[in-house]
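Enquirer: For reference, the file start30.txt (compact mmCIF, C-alpha atoms and all ligand atoms) is included below:
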```txt
# COMPACT_ATOMS: atom_id res chain seq x y z
CA MET A 1 -11.47 16.46 -7.19
CA SER A 2 -7.78 17.17 -6.88
CA MET A 3 -6.56 19.49 -4.16
CA THR A 4 -3.31 21.35 -3.63
CA LEU A 5 -1.20 20.64 -0.57
CA GLN A 6 -2.16 24.06 0.79
CA GLU A 7 -5.86 23.22 0.51
CA VAL A 8 -5.38 19.86 2.22
CA LEU A 9 -3.43 21.52 5.03
CA LYS A 10 -6.32 23.89 5.67
CA MET A 11 -8.90 21.15 6.20
CA ASP A 12 -10.43 20.85 9.66
CA VAL A 13 -9.41 17.75 11.61
CA THR A 14 -11.47 17.92 14.77
CA THR A 15 -13.73 14.86 14.51
CA PRO A 16 -13.04 11.22 13.56
CA TRP A 17 -14.98 11.77 10.35
CA GLU A 18 -12.85 14.79 9.46
CA ALA A 19 -9.69 12.84 10.33
CA GLU A 20 -10.68 10.09 7.90
CA ALA A 21 -11.56 12.65 5.24
CA TRP A 22 -8.22 14.36 5.75
CA ILE A 23 -6.24 11.11 5.40
CA LYS A 24 -8.29 10.30 2.32
CA ALA A 25 -7.44 13.72 0.85
CA LEU A 26 -3.72 13.10 1.55
CA VAL A 27 -3.95 9.73 -0.19
CA ASP A 28 -6.05 10.99 -3.12
CA ASN A 29 -3.67 13.82 -3.87
CA GLY A 30 -0.42 11.93 -3.36
CA PHE A 31 0.60 13.68 -0.11
CA ILE A 32 0.29 10.74 2.27
CA TRP A 33 3.25 10.01 4.53
CA HIS A 34 3.90 7.79 7.54
CA LEU A 35 1.93 10.01 9.88
CA GLU A 36 4.08 9.19 12.88
CA ASP A 37 7.11 10.62 11.06
CA SER A 38 8.02 14.22 11.71
CA PRO A 39 6.74 16.41 8.83
CA GLU A 40 10.18 18.07 8.42
CA GLU A 41 11.58 14.73 7.31
CA VAL A 42 8.91 13.91 4.75
CA ILE A 43 10.24 13.81 1.20
CA ASN A 44 8.14 14.32 -1.91
CA GLY A 45 8.79 11.11 -3.85
CA ARG A 46 8.45 12.85 -7.20
CA THR A 47 10.88 15.71 -6.61
CA GLY A 48 13.11 14.41 -3.82
CA GLU A 49 12.52 17.69 -1.99
CA SER A 50 10.83 18.24 1.36
CA LEU A 51 7.09 17.82 1.01
CA PHE A 52 6.38 20.61 3.50
CA GLN A 53 8.28 23.71 2.50
CA THR A 54 7.33 26.27 5.12
CA GLU A 55 7.09 26.45 8.90
CA ASP A 56 3.33 26.96 8.56
CA ASP A 57 2.96 23.83 6.44
CA ILE A 58 5.02 21.80 8.90
CA ALA A 59 3.02 23.06 11.88
CA SER A 60 -0.25 22.42 10.10
CA ALA A 61 0.77 18.90 9.06
CA ARG A 62 2.07 18.09 12.54
CA GLN A 63 -1.08 19.32 14.27
CA ARG A 64 -3.39 17.39 11.91
CA ALA A 65 -1.34 14.18 12.06
CA ALA A 66 -1.44 14.34 15.87
CA ALA A 67 -5.20 14.92 15.73
CA CYS A 68 -5.58 11.78 13.60
CA PHE A 69 -3.84 9.70 16.25
CA ALA A 70 -6.04 11.24 18.93
CA LEU A 71 -9.29 10.84 17.00
CA LEU A 72 -8.86 7.47 15.26
CA ASP A 73 -8.11 4.10 16.83
CA ASP A 74 -5.76 3.29 13.99
CA PRO A 75 -5.02 5.93 11.35
CA PHE A 76 -3.08 3.31 9.37
CA GLU A 77 -6.26 1.30 8.99
CA THR A 78 -7.73 4.33 7.23
CA ILE A 79 -4.67 4.65 5.02
CA VAL A 80 -4.81 1.01 3.97
CA THR A 81 -8.54 1.27 3.28
CA CYS A 82 -8.03 4.42 1.22
CA GLU A 83 -5.27 2.84 -0.80
CA TRP A 84 -7.43 -0.17 -1.40
CA GLU A 85 -10.44 1.82 -2.52
CA ASP A 86 -8.86 4.70 -4.29
CA GLU A 87 -5.73 3.22 -5.78
CA VAL A 88 -3.17 5.70 -4.51
CA ASP A 89 -0.34 5.77 -7.01
CA PRO A 90 1.71 2.75 -5.92
CA GLU A 91 4.72 4.14 -7.76
CA ILE A 92 4.83 7.10 -5.38
CA THR A 93 4.44 4.83 -2.35
CA ARG A 94 7.24 2.61 -3.58
CA MET A 95 9.54 5.46 -4.44
CA ASN A 96 9.01 7.02 -1.00
CA MET A 97 9.85 3.66 0.53
CA LEU A 98 13.14 3.50 -1.38
CA ILE A 99 14.00 7.05 -0.34
CA ASP A 100 13.06 6.20 3.26
CA ARG A 101 15.65 3.42 3.09
CA GLY A 102 18.33 5.88 2.11
CA MET A 103 18.28 5.73 -1.69
CA SER A 104 18.77 9.09 -3.41
CA ALA A 105 15.79 10.49 -5.31
CA THR A 106 17.71 10.12 -8.60
CA ASP A 107 18.57 6.46 -7.95
CA ALA A 108 15.02 5.75 -6.78
CA GLN A 109 13.65 7.28 -9.98
CA LYS A 110 16.06 5.18 -12.05
CA PHE A 111 15.00 2.07 -10.15
CA MET A 112 11.32 2.87 -10.77
CA ASP A 113 11.92 3.58 -14.48
CA ASP A 114 13.44 0.11 -14.88
CA LEU A 115 10.43 -1.62 -13.31
CA PRO A 116 7.62 -2.98 -15.46
CA PRO A 117 4.39 -0.99 -15.01
CA LEU A 118 2.26 -1.73 -11.98
CA ASP A 119 -1.35 -1.11 -12.82
CA LYS A 120 -4.79 -2.64 -12.83
CA GLU A 121 -4.02 -5.01 -15.71
CA ARG A 122 -3.28 -8.59 -14.78
CA ARG A 123 0.43 -9.09 -15.21
CA ILE A 124 0.83 -12.45 -13.52
CA GLU A 125 3.61 -14.39 -15.16
CA MET A 126 3.08 -17.59 -13.19
CA PHE A 127 0.09 -18.58 -11.08
CA PHE A 128 0.24 -20.21 -7.68
CA HIS A 129 -1.54 -23.55 -7.67
CA CYS A 130 -2.22 -26.04 -4.93
CA GLY A 131 -0.52 -29.33 -5.90
CA LYS A 132 -3.47 -31.37 -4.65
CA CYS A 133 -5.92 -29.31 -6.73
CA VAL A 134 -3.73 -29.79 -9.81
CA GLU A 135 -3.63 -33.57 -9.16
CA GLU A 136 -7.42 -33.73 -8.93
CA ILE A 137 -7.77 -31.79 -12.19
CA LYS A 138 -5.35 -34.19 -13.86
CA ASP A 139 -7.00 -37.39 -12.59
CA GLY A 140 -10.48 -36.18 -13.52
CA SER A 141 -11.96 -36.11 -10.02
CA ALA A 142 -12.24 -32.33 -10.17
CA ASN A 143 -14.73 -32.59 -13.04
CA THR A 144 -13.15 -29.56 -14.70
CA ASN A 145 -10.04 -28.75 -16.67
CA SER A 146 -9.88 -25.21 -15.33
CA PRO A 147 -7.57 -24.44 -12.41
CA ARG A 148 -9.22 -21.02 -12.28
CA GLU A 149 -12.61 -22.60 -11.73
CA TYR A 150 -11.44 -25.32 -9.33
CA GLY A 151 -8.98 -23.37 -7.23
CA SER A 152 -10.18 -21.67 -4.06
CA TYR A 153 -7.55 -19.69 -2.24
CA GLU A 154 -7.14 -17.34 0.66
CA ILE A 155 -4.34 -14.82 0.18
CA GLY A 156 -3.09 -12.48 2.83
CA TYR A 157 -0.31 -10.92 4.85
CA THR A 158 1.48 -12.92 7.52
CA VAL A 159 4.00 -11.68 10.06
CA ARG A 160 6.74 -12.67 7.62
CA GLY A 161 5.17 -11.76 4.29
CA ILE A 162 2.36 -13.22 2.20
CA GLN A 163 0.73 -16.63 2.26
CA VAL A 164 -1.50 -18.37 -0.25
CA TRP A 165 -3.71 -21.00 1.36
CA CYS A 166 -5.82 -23.65 -0.42
CA VAL A 167 -9.32 -23.53 1.05
CA ARG A 168 -10.35 -26.79 -0.62
CA HIS A 169 -7.54 -28.79 0.95
CA GLU A 170 -6.77 -26.56 3.94
CA CYS A 171 -3.09 -26.55 3.09
CA ASN A 172 -0.27 -24.11 2.39
CA VAL A 173 0.32 -23.31 -1.28
CA VAL A 174 3.13 -20.83 -0.82
CA SER A 175 4.43 -18.68 1.97
CA ILE A 176 6.60 -15.78 0.88
CA ASP A 177 9.04 -14.27 3.33
CA PHE A 178 9.76 -10.56 2.81
CA GLN A 179 12.94 -11.08 4.84
CA GLY A 180 12.27 -8.11 7.05
CA TYR A 181 11.21 -5.73 4.29
CA GLN A 182 7.81 -4.28 4.96
CA HIS A 183 5.22 -3.68 2.31
CA PRO A 184 3.86 -0.11 2.63
CA ALA A 185 0.30 -1.40 2.71
CA VAL A 186 0.92 -3.47 5.87
ZN ZN A 201 -6.03 -27.60 -3.06
```
Go ahead and render the structure in this file as structure tokens.
Ligand SMILES: [Zn+2]
Expert:
Amino acid sequence: MSMTLQEVLKMDVTTPWEAEAWIKALVDNGFIWHLEDSPEEVINGRTGESLFQTEDDIASARQRAAACFALLDDPFETIVTCEWEDEVDPEITRMNMLIDRGMSATDAQKFMDDLPPLDKERRIEMFFHCGKCVEEIKDGSANTNSPREYGSYEIGYTVRGIQVWCVRHECNVVSIDFQGYQHPAV
């Protein structure tokens, strides 16, 4: 059920369970921000305006964000879990990230408009394959012609970026360096 910002800002955040529910409500309704940031500085990615418009909103947001840090070991863990489960609009996350880096709301919107859609459809243009797996498919020892069937990979974040690891051969397939840029989900 969608909630207005005012409704979210009235939720009780006095127990760990309530803190998680509050973060989930922020995520679900597109109001999530880096909770350690001061609420005055939070920009609504859609409008480019301040997310919290009144002193009451700011005070309420500040008090609840602080409660989350006091009540939860790692509020960001909750945010990542929420995003994973509930598919927070990644376009909003990305646009906020661009604005955080100093891009104007207009330029950020233009940048987003030029991007291909990011959704639940598979839009992979080129797959990562382990060279050894591909060799074994080619020479017949894999007993299958399907890289999808034969491949077994672990994929995850590293300190530098993302790595794809072949489980079958225990070797690196690709290690992508974000060159200091941080993905919002990390
Ligand atoms: Zn392999």
Enquirer: Please identify all protein, DNA and RNA residues within 12 Å of ligand ZN 201 (chain A), counting all atoms listed in the file, and report them as a PyMOL selection string.
Expert: chain A and resi 128-137+142+147-154+164-174
Enquirer: Find the distance between atom CA of Pro116 of chain A and atom CA of Thr78 of chain A and write it in Å to one decimal.
Expert: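 If I compute the distance from atom CA of Pro116 of chain A to atom CA of Thr78 of chain A, I get 28.4 Å.
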Enquirer: Scan for residues within 12 Å of the point (18.0, 8.0, -3.7) in the coordinates of the file, using all atoms listed in the file, and reply as an mmCIF file with C-alpha atoms, keeping the file's coordinate frame.
Expert:
```
data_model
loop_
_atom_site.group_PDB
_atom_site.id
_atom_site.type_symbol
_atom_site.label_atom_id
_atom_site.label_comp_id
_atom_site.auth_asym_id
_atom_site.auth_seq_id
_atom_site.Cartn_x
_atom_site.Cartn_y
_atom_site.Cartn_z
ATOM 1 C CA ILE A 43 10.240 13.810 1.200
ATOM 2 C CA ASN A 44 8.140 14.320 -1.910
ATOM 3 C CA GLY A 45 8.790 11.110 -3.850
ATOM 4 C CA ARG A 46 8.450 12.850 -7.200
ATOM 5 C CA THR A 47 10.880 15.710 -6.610
ATOM 6 C CA GLY A 48 13.110 14.410 -3.820
ATOM 7 C CA GLU A 49 12.520 17.690 -1.990
ATOM 8 C CA MET A 95 9.540 5.460 -4.440
ATOM 9 C CA ASN A 96 9.010 7.020 -1.000
ATOM 10 C CA MET A 97 9.850 3.660 0.530
ATOM 11 C CA LEU A 98 13.140 3.500 -1.380
ATOM 12 C CA ILE A 99 14.000 7.050 -0.340
ATOM 13 C CA ASP A 100 13.060 6.200 3.260
ATOM 14 C CA ARG A 101 15.650 3.420 3.090
ATOM 15 C CA GLY A 102 18.330 5.880 2.110
ATOM 16 C CA MET A 103 18.280 5.730 -1.690
ATOM 17 C CA SER A 104 18.770 9.090 -3.410
ATOM 18 C CA ALA A 105 15.790 10.490 -5.310
ATOM 19 C CA THR A 106 17.710 10.120 -8.600
ATOM 20 C CA ASP A 107 18.570 6.460 -7.950
ATOM 21 C CA ALA A 108 15.020 5.750 -6.780
ATOM 22 C CA GLN A 109 13.650 7.280 -9.980
ATOM 23 C CA LYS A 110 16.060 5.180 -12.050
ATOM 24 C CA PHE A 111 15.000 2.070 -10.150
ATOM 25 C CA MET A 112 11.320 2.870 -10.770
#
```
Enquirer: Hey, which of A:Glu41, A:Ser175, A:Asp57, A:Gln63 ends up closest to Ile155 of chain A? Count all atoms listed in the file.
Expert: A:Ser175
Enquirer: Which value, in Å to one decimal, gives the distance between atom CA of Val159 of chain A and atom CA of Gly30 of chain A?
Expert: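 Computed distance, atom CA of Val159 of chain A to atom CA of Gly30 of chain A, equals 27.5 Å.
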